[in-house]
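Visitor: What follows is a structure written as structure tokens; I'll ask about it next.
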Amino acid sequence: MSRSDLPRRGLLAGAAAAVIGWNTAGRTWALAPGTPGAPGGGESGAGVPPGVAALPRLDGTMVTGGTELARFAGDFGHLVNAAPRAVLRPGSVRDIVEVVGFARRHRIPVAMNGQSGNPDTGTGAAQLESHSSYGQAGAPGGVAIDARGLDRIVSLAPGRAVVEAGVTWARLTDAALAKGWMPPCLTDYLHLSVGGTLSVGGIGGGVQRFGLQADTVESVDVVTGQGQLVTASATRNRELFDAVLAGGGQVGIIVRATVRLVPARERALVFNLFYDDLGTYLADQERLMAEERFDLQVGEVVRDTAGTRWRYKVEAVAHYDGTTLPDRDALLRGLRCAAGETTVTDQGVREYAFRVDAFAGYLKAAGYWGLPKPWLSLFLPASRAETFMREAAEVLTPEDLGAGILLFYPYTAKRFTRPLAVIPDEPVGWHFDLLAFPGPDTDTAAMLTRNRRLYERAVALGGKRYLIGAIPGMTGADWGRHYGARWSSVVAAKRRFDPAGILTPGQGIHA
């Protein structure tokens, strides 16, 4: 394998680390003398007590205890507690190499944690958290790596950007727009780390044209579970490249990525079309996608104004430059949406890209943001999407959705090029994304049981899960069924690149 020539940088250089080593007998961290909780006396060598394996020299810090661990114990879903024993705030990529190698030798779990978010517009305080929803980025009893230690945009040139894993898509989008470019596929909420979304796939409204965010990657620099820094691409270390993108963090930690950019347009003409009939909605969505009338295309399942039934909404975007608007009549020709209800909004391209920020602000102000959120994210074959949606609509209530949204829109399978982004075996599929924000005192246990039932029904219809969702009780047999013919290669890659099985245990794929 080849090693990357990533430069070291001392983001936290000079800060004293509280952790000095690992007590191999007690399997606990040894703290520096004078640190509260550290044993006194008995030091040997360079201040390391007998029976303690010395932690490698770090450019950043390894800390344990206090509010730092508490912040890394939970995640955005607030459904799982997976408290680590220590948090690494890396000052360089070398820190991650050293700590993963150390963790491999001592069988300590490790996971990268994006700690993403955006400032609270009311107070200016950072709202930082892991944006996994069911403990996927947790490292229970192990080391959580704070991705904010790697937050540099290394370079930005026409057609591509090189970024460290802790950079958010919001920062990259703003930096790219300043030079007339932008990422081709963006998640709806942009304050997520690049490394985090690439490790699960990364889906958004550009999926019909560009696939997942993982499909827009040219190369990655990865710290494998062996503690090796490796550059991987479609032509270099291809097995690792295929295993790490949308691989759930099972074989390596992404520390840098080279991603494609596309020319940015100036404006976004946003259409909202409403449907009362599910079959008509499905047909029009697939027609729009096949004809590529719009640049972006998503859809929602919404309640009618009386709150008595579900309706369906297309949100489609046509980008343009200057003052000449796209031909609205041509864009809407032949569609069978509800007459007289179509809305059209003209926005700047950045305003549309960051559209979810206002919604997130409302959720925070209303108290929903910090409550448990049993999300469910699935891929369905087009041939069975109507069956599944009708059955789901009978089960789901407004209380299940709360202040959240239910996304439901099509994609073209040929755009998914990453082998571990597993989708149904049909040319066209549908993404079902229940992004619930239930109110307080909601029975989240019942919602998790509902998620499991809907997942089982989706699988029976040929569906697959997206790795971000909250599906309880996943077993080895479930994961084998999920990956199908790819399962043997998934297992082989885990054994090759993470032989000690320490990386990202929260996904539960190899439990």
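Labels used: A, B, ... for chains in the order of the structure tokens, numbers from 1 for residues in each chain, and numbers from 1 for ligands as shown.
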Which residues of region 376-424 of chain A come within 9 Å of region 480-495 of chain A, and for each one, what is the closest pair of atoms and their distance in Å to one decimal, counting only C-alpha atoms, sorted by chain and residue number, as CSV?

Guide:
```
residue,atom,partner,partner_atom,distance
A:Pro419,CA,A:Arg486,CA,8.0
A:Leu420,CA,A:Tyr483,CA,7.7
A:Val422,CA,A:Tyr483,CA,6.7
```

Visitor: Keeping only C-alpha atoms, take the residues you just selected and write them out as a PDB file, in the first residue's frame.

Guide:
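And here is the file that came out, out-v2.pdb:
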```
ATOM      1  CA  PRO A 419     -20.524  -0.804  -4.356  1.00  0.00           C
ATOM      2  CA  LEU A 420     -21.441  -0.480  -0.669  1.00  0.00           C
ATOM      3  CA  VAL A 422     -26.623  -0.890  -1.500  1.00  0.00           C
TER       4      VAL A 422
END
```

Visitor: Within 9 Å of Gly476 (chain A), counting only C-alpha atoms, which residues show up once you throw out same-chain ones fewer than 3 positions away? Write them as an NGL selection string, please.

Guide: :A and (479-481 or 508-511)

Visitor: Sort by chain and increasing residue number a table of all residues of region 134-208 of chain A within 12 Å of region 430-444 of chain A, each with its closest pair of atoms and their distance in Å to one decimal, counting only C-alpha atoms, and write it as a Markdown table.

Guide:
```
| residue | atom | partner | partner_atom | distance |
| --- | --- | --- | --- | --- |
| A:Asp188 | CA | A:Leu435 | CA | 11.5 |
| A:Tyr189 | CA | A:Leu435 | CA | 11.8 |
| A:Ile203 | CA | A:His431 | CA | 9.4 |
| A:Gly204 | CA | A:His431 | CA | 10.1 |
| A:Gly205 | CA | A:His431 | CA | 10.8 |
| A:Val207 | CA | A:His431 | CA | 10.2 |
| A:Gln208 | CA | A:Trp430 | CA | 10.7 |
```

Visitor: Can you work out which one of A:Gly322, A:Gly248, A:Gly101, A:Gly60 has the shortest atom-to-atom distance to Val223 (chain A), counting only C-alpha atoms?

Guide: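 Residue with the minimum atom-to-atom distance to Val223 (chain A): A:Gly101.
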
Visitor: Have a look at CA of Asp277 (chain A) and CA of Thr449 (chain A) and let me know their distance in Å, one decimal.

Guide: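 Between CA of Asp277 (chain A) and CA of Thr449 (chain A) the gap is 28.5 Å.
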